[in-house]
>>> print(open('upload.cif').read())   # mmCIF, N, CA and C atoms; chains and numbers go by the auth columns
data_upload
loop_
_atom_site.group_PDB
_atom_site.id
_atom_site.type_symbol
_atom_site.label_atom_id
_atom_site.label_comp_id
_atom_site.label_asym_id
_atom_site.label_seq_id
_atom_site.Cartn_x
_atom_site.Cartn_y
_atom_site.Cartn_z
_atom_site.B_iso_or_equiv
_atom_site.auth_seq_id
_atom_site.auth_asym_id
ATOM 1 N N LEU A 1 3.197 5.301 -4.375 0.00 19 A
ATOM 2 C CA LEU A 1 3.782 4.473 -5.407 0.00 19 A
ATOM 3 C C LEU A 1 4.108 3.127 -4.790 0.00 19 A
ATOM 4 N N VAL A 2 3.533 2.064 -5.321 0.00 20 A
ATOM 5 C CA VAL A 2 3.780 0.715 -4.805 0.00 20 A
ATOM 6 C C VAL A 2 5.168 0.275 -5.237 0.00 20 A
ATOM 7 N N GLU A 3 5.981 -0.159 -4.258 0.00 21 A
ATOM 8 C CA GLU A 3 7.334 -0.623 -4.544 0.00 21 A
ATOM 9 C C GLU A 3 7.429 -2.141 -4.591 0.00 21 A
ATOM 10 N N GLY A 4 6.557 -2.844 -3.868 0.00 22 A
ATOM 11 C CA GLY A 4 6.587 -4.298 -3.858 0.00 22 A
ATOM 12 C C GLY A 4 6.277 -4.852 -2.488 0.00 22 A
ATOM 13 N N PRO A 5 6.583 -6.148 -2.275 0.00 23 A
ATOM 14 C CA PRO A 5 6.285 -6.782 -0.986 0.00 23 A
ATOM 15 C C PRO A 5 7.087 -6.158 0.146 0.00 23 A
ATOM 16 N N SER A 6 6.495 -6.136 1.314 0.00 24 A
ATOM 17 C CA SER A 6 7.183 -5.664 2.514 0.00 24 A
ATOM 18 C C SER A 6 8.305 -6.634 2.857 0.00 24 A
ATOM 19 N N LYS A 7 9.426 -6.124 3.314 0.00 25 A
ATOM 20 C CA LYS A 7 10.565 -6.980 3.672 0.00 25 A
ATOM 21 C C LYS A 7 10.282 -7.801 4.922 0.00 25 A
ATOM 22 N N SER A 8 9.486 -7.262 5.840 0.00 26 A
ATOM 23 C CA SER A 8 9.237 -7.957 7.099 0.00 26 A
ATOM 24 C C SER A 8 7.977 -8.816 7.100 0.00 26 A
ATOM 25 N N ASN A 9 7.065 -8.604 6.141 0.00 27 A
ATOM 26 C CA ASN A 9 5.822 -9.361 6.098 0.00 27 A
ATOM 27 C C ASN A 9 5.368 -9.474 4.645 0.00 27 A
ATOM 28 N N LYS A 10 5.551 -10.640 4.051 0.00 28 A
ATOM 29 C CA LYS A 10 5.242 -10.838 2.629 0.00 28 A
ATOM 30 C C LYS A 10 3.746 -10.740 2.316 0.00 28 A
ATOM 31 N N LYS A 11 2.898 -10.686 3.348 0.00 29 A
ATOM 32 C CA LYS A 11 1.462 -10.526 3.132 0.00 29 A
ATOM 33 C C LYS A 11 1.074 -9.063 2.978 0.00 29 A
ATOM 34 N N ARG A 12 2.065 -8.178 3.094 0.00 30 A
ATOM 35 C CA ARG A 12 1.814 -6.748 2.985 0.00 30 A
ATOM 36 C C ARG A 12 2.653 -6.173 1.845 0.00 30 A
ATOM 37 N N LEU A 13 2.264 -5.002 1.389 0.00 31 A
ATOM 38 C CA LEU A 13 3.010 -4.282 0.361 0.00 31 A
ATOM 39 C C LEU A 13 3.621 -3.037 0.975 0.00 31 A
ATOM 40 N N THR A 14 4.633 -2.529 0.313 0.00 32 A
ATOM 41 C CA THR A 14 5.258 -1.292 0.768 0.00 32 A
ATOM 42 C C THR A 14 5.352 -0.326 -0.396 0.00 32 A
ATOM 43 N N GLY A 15 5.379 0.940 -0.066 0.00 33 A
ATOM 44 C CA GLY A 15 5.489 1.972 -1.085 0.00 33 A
ATOM 45 C C GLY A 15 5.991 3.259 -0.464 0.00 33 A
ATOM 46 N N ARG A 16 5.918 4.320 -1.242 0.00 34 A
ATOM 47 C CA ARG A 16 6.378 5.640 -0.786 0.00 34 A
ATOM 48 C C ARG A 16 5.329 6.688 -1.120 0.00 34 A
ATOM 49 N N THR A 17 5.244 7.678 -0.241 0.00 35 A
ATOM 50 C CA THR A 17 4.368 8.817 -0.501 0.00 35 A
ATOM 51 C C THR A 17 5.099 9.788 -1.423 0.00 35 A
ATOM 52 N N SER A 18 4.411 10.820 -1.854 0.00 36 A
ATOM 53 C CA SER A 18 5.045 11.842 -2.685 0.00 36 A
ATOM 54 C C SER A 18 6.096 12.630 -1.895 0.00 36 A
ATOM 55 N N GLN A 19 6.058 12.510 -0.558 0.00 37 A
ATOM 56 C CA GLN A 19 7.069 13.148 0.294 0.00 37 A
ATOM 57 C C GLN A 19 8.158 12.144 0.695 0.00 37 A
ATOM 58 N N ASN A 20 8.184 10.989 0.033 0.00 38 A
ATOM 59 C CA ASN A 20 9.193 9.940 0.221 0.00 38 A
ATOM 60 C C ASN A 20 9.102 9.234 1.574 0.00 38 A
ATOM 61 N N GLN A 21 7.934 9.220 2.204 0.00 39 A
ATOM 62 C CA GLN A 21 7.746 8.482 3.442 0.00 39 A
ATOM 63 C C GLN A 21 7.360 7.042 3.104 0.00 39 A
ATOM 64 N N ILE A 22 7.827 6.089 3.914 0.00 40 A
ATOM 65 C CA ILE A 22 7.509 4.682 3.696 0.00 40 A
ATOM 66 C C ILE A 22 6.090 4.401 4.178 0.00 40 A
ATOM 67 N N VAL A 23 5.334 3.671 3.363 0.00 41 A
ATOM 68 C CA VAL A 23 3.968 3.274 3.716 0.00 41 A
ATOM 69 C C VAL A 23 3.858 1.763 3.555 0.00 41 A
ATOM 70 N N VAL A 24 3.326 1.095 4.567 0.00 42 A
ATOM 71 C CA VAL A 24 3.100 -0.341 4.522 0.00 42 A
ATOM 72 C C VAL A 24 1.595 -0.571 4.591 0.00 42 A
ATOM 73 N N PHE A 25 1.088 -1.467 3.722 0.00 43 A
ATOM 74 C CA PHE A 25 -0.357 -1.724 3.699 0.00 43 A
ATOM 75 C C PHE A 25 -0.623 -3.154 3.273 0.00 43 A
ATOM 76 N N ASP A 26 -1.810 -3.657 3.631 0.00 44 A
ATOM 77 C CA ASP A 26 -2.189 -5.023 3.279 0.00 44 A
ATOM 78 C C ASP A 26 -2.358 -5.179 1.784 0.00 44 A
ATOM 79 N N LYS A 27 -1.980 -6.366 1.291 0.00 45 A
ATOM 80 C CA LYS A 27 -2.230 -6.672 -0.122 0.00 45 A
ATOM 81 C C LYS A 27 -3.740 -6.752 -0.324 0.00 45 A
ATOM 82 N N PRO A 28 -4.219 -6.393 -1.504 0.00 46 A
ATOM 83 C CA PRO A 28 -5.654 -6.527 -1.782 0.00 46 A
ATOM 84 C C PRO A 28 -6.059 -7.992 -1.737 0.00 46 A
ATOM 85 N N ASP A 29 -7.278 -8.252 -1.340 0.00 47 A
ATOM 86 C CA ASP A 29 -7.810 -9.607 -1.294 0.00 47 A
ATOM 87 C C ASP A 29 -7.926 -10.149 -2.715 0.00 47 A
ATOM 88 N N ALA A 30 -7.273 -11.277 -2.979 0.00 48 A
ATOM 89 C CA ALA A 30 -7.290 -11.867 -4.329 0.00 48 A
ATOM 90 C C ALA A 30 -8.700 -12.259 -4.750 0.00 48 A
ATOM 91 N N GLY A 31 -9.589 -12.483 -3.798 0.00 49 A
ATOM 92 C CA GLY A 31 -10.967 -12.846 -4.117 0.00 49 A
ATOM 93 C C GLY A 31 -11.868 -11.650 -4.307 0.00 49 A
ATOM 94 N N GLY A 32 -11.295 -10.461 -4.194 0.00 50 A
ATOM 95 C CA GLY A 32 -12.089 -9.237 -4.307 0.00 50 A
ATOM 96 C C GLY A 32 -12.517 -8.958 -5.734 0.00 50 A
ATOM 97 N N ARG A 33 -13.206 -7.857 -5.913 0.00 51 A
ATOM 98 C CA ARG A 33 -13.687 -7.464 -7.241 0.00 51 A
ATOM 99 C C ARG A 33 -13.108 -6.101 -7.603 0.00 51 A
ATOM 100 N N GLY A 34 -13.103 -5.821 -8.885 0.00 52 A
ATOM 101 C CA GLY A 34 -12.677 -4.509 -9.352 0.00 52 A
ATOM 102 C C GLY A 34 -11.183 -4.298 -9.246 0.00 52 A
ATOM 103 N N THR A 35 -10.793 -3.028 -9.204 0.00 53 A
ATOM 104 C CA THR A 35 -9.374 -2.680 -9.241 0.00 53 A
ATOM 105 C C THR A 35 -8.643 -3.010 -7.960 0.00 53 A
ATOM 106 N N LEU A 36 -9.356 -3.270 -6.869 0.00 54 A
ATOM 107 C CA LEU A 36 -8.682 -3.530 -5.602 0.00 54 A
ATOM 108 C C LEU A 36 -8.156 -4.958 -5.496 0.00 54 A
ATOM 109 N N GLN A 37 -8.399 -5.810 -6.479 0.00 55 A
ATOM 110 C CA GLN A 37 -7.887 -7.165 -6.359 0.00 55 A
ATOM 111 C C GLN A 37 -6.416 -7.254 -6.769 0.00 55 A
ATOM 112 N N ARG A 38 -5.827 -6.152 -7.203 0.00 56 A
ATOM 113 C CA ARG A 38 -4.404 -6.162 -7.529 0.00 56 A
ATOM 114 C C ARG A 38 -3.831 -4.774 -7.259 0.00 56 A
ATOM 115 N N ALA A 39 -2.565 -4.729 -6.951 0.00 57 A
ATOM 116 C CA ALA A 39 -1.869 -3.460 -6.779 0.00 57 A
ATOM 117 C C ALA A 39 -0.428 -3.701 -7.184 0.00 57 A
ATOM 118 N N PRO A 40 -0.166 -3.744 -8.484 0.00 58 A
ATOM 119 C CA PRO A 40 1.163 -4.099 -8.955 0.00 58 A
ATOM 120 C C PRO A 40 2.218 -3.028 -8.674 0.00 58 A
ATOM 121 N N THR A 41 3.431 -3.495 -8.600 0.00 59 A
ATOM 122 C CA THR A 41 4.569 -2.599 -8.422 0.00 59 A
ATOM 123 C C THR A 41 4.543 -1.525 -9.501 0.00 59 A
ATOM 124 N N GLY A 42 4.795 -0.303 -9.094 0.00 60 A
ATOM 125 C CA GLY A 42 4.821 0.811 -10.033 0.00 60 A
ATOM 126 C C GLY A 42 3.507 1.558 -10.162 0.00 60 A
ATOM 127 N N GLU A 43 2.435 1.041 -9.580 0.00 61 A
ATOM 128 C CA GLU A 43 1.126 1.709 -9.646 0.00 61 A
ATOM 129 C C GLU A 43 1.026 2.773 -8.551 0.00 61 A
ATOM 130 N N LEU A 44 0.297 3.824 -8.837 0.00 62 A
ATOM 131 C CA LEU A 44 -0.047 4.815 -7.822 0.00 62 A
ATOM 132 C C LEU A 44 -1.343 4.368 -7.169 0.00 62 A
ATOM 133 N N VAL A 45 -1.371 4.361 -5.850 0.00 63 A
ATOM 134 C CA VAL A 45 -2.559 3.935 -5.131 0.00 63 A
ATOM 135 C C VAL A 45 -2.918 4.959 -4.065 0.00 63 A
ATOM 136 N N GLU A 46 -4.176 4.944 -3.660 0.00 64 A
ATOM 137 C CA GLU A 46 -4.628 5.809 -2.569 0.00 64 A
ATOM 138 C C GLU A 46 -4.707 4.958 -1.314 0.00 64 A
ATOM 139 N N ILE A 47 -4.083 5.439 -0.249 0.00 65 A
ATOM 140 C CA ILE A 47 -4.012 4.725 1.025 0.00 65 A
ATOM 141 C C ILE A 47 -4.640 5.576 2.113 0.00 65 A
ATOM 142 N N LYS A 48 -5.388 4.947 3.001 0.00 66 A
ATOM 143 C CA LYS A 48 -5.872 5.635 4.206 0.00 66 A
ATOM 144 C C LYS A 48 -4.907 5.261 5.322 0.00 66 A
ATOM 145 N N VAL A 49 -4.169 6.233 5.828 0.00 67 A
ATOM 146 C CA VAL A 49 -3.208 5.992 6.894 0.00 67 A
ATOM 147 C C VAL A 49 -3.975 5.806 8.201 0.00 67 A
ATOM 148 N N GLU A 50 -3.691 4.672 8.881 0.00 68 A
ATOM 149 C CA GLU A 50 -4.404 4.338 10.109 0.00 68 A
ATOM 150 C C GLU A 50 -3.493 4.285 11.331 0.00 68 A
ATOM 151 N N ASP A 51 -2.164 4.245 11.123 0.00 69 A
ATOM 152 C CA ASP A 51 -1.220 4.177 12.224 0.00 69 A
ATOM 153 C C ASP A 51 0.117 4.684 11.719 0.00 69 A
ATOM 154 N N ALA A 52 1.005 5.028 12.634 0.00 70 A
ATOM 155 C CA ALA A 52 2.317 5.531 12.228 0.00 70 A
ATOM 156 C C ALA A 52 3.335 5.330 13.339 0.00 70 A
ATOM 157 N N THR A 53 4.586 5.168 12.911 0.00 71 A
ATOM 158 C CA THR A 53 5.716 5.232 13.824 0.00 71 A
ATOM 159 C C THR A 53 6.536 6.429 13.370 0.00 71 A
ATOM 160 N N SER A 54 7.692 6.629 13.953 0.00 72 A
ATOM 161 C CA SER A 54 8.507 7.782 13.570 0.00 72 A
ATOM 162 C C SER A 54 9.016 7.684 12.131 0.00 72 A
ATOM 163 N N LEU A 55 9.118 6.478 11.585 0.00 73 A
ATOM 164 C CA LEU A 55 9.649 6.314 10.227 0.00 73 A
ATOM 165 C C LEU A 55 8.683 5.703 9.220 0.00 73 A
ATOM 166 N N THR A 56 7.603 5.087 9.695 0.00 74 A
ATOM 167 C CA THR A 56 6.734 4.324 8.802 0.00 74 A
ATOM 168 C C THR A 56 5.273 4.662 9.020 0.00 74 A
ATOM 169 N N LEU A 57 4.539 4.762 7.908 0.00 75 A
ATOM 170 C CA LEU A 57 3.088 4.906 7.955 0.00 75 A
ATOM 171 C C LEU A 57 2.474 3.542 7.660 0.00 75 A
ATOM 172 N N PHE A 58 1.357 3.231 8.308 0.00 76 A
ATOM 173 C CA PHE A 58 0.647 1.981 8.069 0.00 76 A
ATOM 174 C C PHE A 58 -0.773 2.322 7.661 0.00 76 A
ATOM 175 N N GLY A 59 -1.263 1.654 6.630 0.00 77 A
ATOM 176 C CA GLY A 59 -2.587 2.018 6.168 0.00 77 A
ATOM 177 C C GLY A 59 -3.317 0.920 5.454 0.00 77 A
ATOM 178 N N ARG A 60 -4.418 1.340 4.831 0.00 78 A
ATOM 179 C CA ARG A 60 -5.328 0.441 4.127 0.00 78 A
ATOM 180 C C ARG A 60 -5.494 0.958 2.705 0.00 78 A
ATOM 181 N N LEU A 61 -5.397 0.051 1.753 0.00 79 A
ATOM 182 C CA LEU A 61 -5.553 0.398 0.341 0.00 79 A
ATOM 183 C C LEU A 61 -6.989 0.785 0.055 0.00 79 A
ATOM 184 N N LEU A 62 -7.198 1.957 -0.533 0.00 80 A
ATOM 185 C CA LEU A 62 -8.533 2.400 -0.899 0.00 80 A
ATOM 186 C C LEU A 62 -8.806 2.160 -2.378 0.00 80 A
ATOM 187 N N GLU A 63 -7.873 2.586 -3.235 0.00 81 A
ATOM 188 C CA GLU A 63 -8.075 2.402 -4.667 0.00 81 A
ATOM 189 C C GLU A 63 -6.771 2.619 -5.434 0.00 81 A
ATOM 190 N N ILE A 64 -6.750 2.065 -6.631 0.00 82 A
ATOM 191 C CA ILE A 64 -5.639 2.305 -7.545 0.00 82 A
ATOM 192 C C ILE A 64 -5.970 3.572 -8.310 0.00 82 A
ATOM 193 N N VAL A 65 -5.048 4.510 -8.353 0.00 83 A
ATOM 194 C CA VAL A 65 -5.247 5.793 -9.026 0.00 83 A
ATOM 195 C C VAL A 65 -5.079 5.585 -10.522 0.00 83 A
ATOM 196 N N LYS A 66 -6.031 6.050 -11.295 0.00 84 A
ATOM 197 C CA LYS A 66 -5.975 5.896 -12.760 0.00 84 A
ATOM 198 C C LYS A 66 -5.281 7.085 -13.378 0.00 84 A
#
>>> encode(input="upload.cif", output="structure tokens")
Amino acid sequence: LVEGPSKSNKKRLTGRTSQNQIVVFDKPDAGGRGTLQRAPTGELVEIKVEDATSLTLFGRLLEIVK
């Protein structure tokens, strides 16, 4: 679930998993095509987790869940 901009980096978005873990990911490229050019607050999205710390997951946006 996308919550909004990351507090530490406005170029990234933050959200939560269904298990309430924090996930930080890059904003979609505004020049992109299709559903990946936006990821508004409140949308469910699919993320590929690529890195993690003890409290935060970091990933890449794959798609907006319909």
>>> resolve_selection(input="upload.cif", expression="the PyMOL selection byres (((chain A and resi 65 and name CA) around 10) and name CA)", output="number ranges by chain")
A: 35, 41-43, 62-64, 66-68, 75-82
>>> resolve_selection(input="upload.cif", expression="the PyMOL selection byres (((chain A and resi 44 and name CA) around 7) and name CA)", output="number ranges by chain")
A: 29-31, 43, 45-46, 78
>>> atom_distance(input="upload.cif", atom1="CA of Ser72 (chain A)", atom2="CA of Thr59 (chain A)")
24.6 Å
>>> decode(input="upload.cif", residues="region 30-44 of chain A", atoms="all heavy atoms", output="compact mmCIF listing (two decimals), in the first residue's frame")
# COMPACT_ATOMS: atom_id res chain seq x y z
N ARG A 30 11.73 9.16 -3.69
CA ARG A 30 11.29 7.80 -3.47
C ARG A 30 9.92 7.81 -2.79
O ARG A 30 9.51 8.80 -2.20
CB ARG A 30 12.29 7.05 -2.60
CG ARG A 30 13.69 7.07 -3.24
CD ARG A 30 14.63 6.21 -2.53
NE ARG A 30 14.61 4.94 -3.27
CZ ARG A 30 15.16 3.84 -2.87
NH1 ARG A 30 15.77 3.78 -1.72
NH2 ARG A 30 15.11 2.75 -3.59
N LEU A 31 9.23 6.69 -2.87
CA LEU A 31 7.94 6.52 -2.20
C LEU A 31 8.10 5.52 -1.08
O LEU A 31 9.02 4.70 -1.08
CB LEU A 31 6.89 6.02 -3.20
CG LEU A 31 6.49 6.98 -4.30
CD1 LEU A 31 5.62 6.27 -5.32
CD2 LEU A 31 5.79 8.19 -3.74
N THR A 32 7.17 5.57 -0.15
CA THR A 32 7.17 4.61 0.94
C THR A 32 5.79 3.99 1.06
O THR A 32 4.79 4.58 0.66
CB THR A 32 7.60 5.27 2.27
OG1 THR A 32 7.73 4.27 3.27
CG2 THR A 32 6.61 6.30 2.73
N GLY A 33 5.76 2.79 1.59
CA GLY A 33 4.50 2.10 1.79
C GLY A 33 4.67 1.01 2.82
O GLY A 33 5.68 0.94 3.52
N ARG A 34 3.66 0.17 2.92
CA ARG A 34 3.66 -0.94 3.89
C ARG A 34 3.23 -2.22 3.21
O ARG A 34 2.38 -2.23 2.33
CB ARG A 34 2.69 -0.64 5.03
CG ARG A 34 3.02 0.62 5.77
CD ARG A 34 3.41 0.34 7.15
NE ARG A 34 3.82 1.58 7.82
CZ ARG A 34 4.54 1.58 8.89
NH1 ARG A 34 4.90 0.45 9.43
NH2 ARG A 34 4.90 2.70 9.45
N THR A 35 3.82 -3.32 3.68
CA THR A 35 3.41 -4.63 3.20
C THR A 35 2.15 -5.05 3.96
O THR A 35 1.76 -4.41 4.93
CB THR A 35 4.50 -5.69 3.44
OG1 THR A 35 4.62 -5.90 4.85
CG2 THR A 35 5.84 -5.27 2.86
N SER A 36 1.58 -6.17 3.57
CA SER A 36 0.41 -6.69 4.28
C SER A 36 0.79 -7.15 5.70
O SER A 36 -0.08 -7.31 6.55
CB SER A 36 -0.23 -7.85 3.50
OG SER A 36 0.73 -8.87 3.29
N GLN A 37 2.10 -7.31 5.95
CA GLN A 37 2.57 -7.66 7.30
C GLN A 37 3.05 -6.41 8.05
O GLN A 37 3.71 -6.51 9.07
CB GLN A 37 3.72 -8.67 7.22
CG GLN A 37 3.32 -10.03 6.72
CD GLN A 37 3.20 -10.06 5.19
OE1 GLN A 37 3.90 -9.36 4.47
NE2 GLN A 37 2.29 -10.87 4.70
N ASN A 38 2.72 -5.23 7.53
CA ASN A 38 3.02 -3.93 8.14
C ASN A 38 4.51 -3.59 8.16
O ASN A 38 4.96 -2.81 8.98
CB ASN A 38 2.43 -3.84 9.55
CG ASN A 38 2.19 -2.41 9.96
OD1 ASN A 38 1.91 -1.54 9.13
ND2 ASN A 38 2.32 -2.13 11.24
N GLN A 39 5.30 -4.14 7.24
CA GLN A 39 6.70 -3.78 7.13
C GLN A 39 6.83 -2.56 6.22
O GLN A 39 6.10 -2.44 5.23
CB GLN A 39 7.53 -4.92 6.55
CG GLN A 39 7.63 -6.11 7.48
CD GLN A 39 8.44 -7.21 6.86
OE1 GLN A 39 7.96 -7.89 5.95
NE2 GLN A 39 9.65 -7.38 7.34
N ILE A 40 7.78 -1.68 6.52
CA ILE A 40 8.00 -0.48 5.71
C ILE A 40 8.76 -0.87 4.44
O ILE A 40 9.73 -1.62 4.50
CB ILE A 40 8.80 0.56 6.50
CG1 ILE A 40 8.00 1.01 7.72
CG2 ILE A 40 9.16 1.75 5.61
CD1 ILE A 40 8.79 1.85 8.70
N VAL A 41 8.30 -0.34 3.31
CA VAL A 41 8.96 -0.57 2.02
C VAL A 41 9.23 0.78 1.38
O VAL A 41 8.33 1.62 1.30
CB VAL A 41 8.08 -1.41 1.07
CG1 VAL A 41 8.81 -1.65 -0.24
CG2 VAL A 41 7.67 -2.71 1.70
N VAL A 42 10.45 0.99 0.92
CA VAL A 42 10.83 2.21 0.23
C VAL A 42 11.20 1.82 -1.20
O VAL A 42 11.92 0.85 -1.42
CB VAL A 42 12.03 2.90 0.92
CG1 VAL A 42 12.46 4.13 0.15
CG2 VAL A 42 11.67 3.27 2.36
N PHE A 43 10.69 2.60 -2.18
CA PHE A 43 10.97 2.29 -3.59
C PHE A 43 10.99 3.56 -4.41
O PHE A 43 10.44 4.58 -4.02
CB PHE A 43 9.94 1.29 -4.13
CG PHE A 43 8.51 1.73 -3.99
CD1 PHE A 43 7.85 2.33 -5.06
CD2 PHE A 43 7.82 1.55 -2.80
CE1 PHE A 43 6.53 2.73 -4.94
CE2 PHE A 43 6.50 1.94 -2.67
CZ PHE A 43 5.85 2.54 -3.75
N ASP A 44 11.66 3.49 -5.57
CA ASP A 44 11.75 4.65 -6.46
C ASP A 44 10.40 5.01 -7.03
O ASP A 44 9.58 4.12 -7.32
CB ASP A 44 12.72 4.37 -7.61
CG ASP A 44 14.16 4.33 -7.15
OD1 ASP A 44 14.47 5.00 -6.15
OD2 ASP A 44 14.96 3.65 -7.79
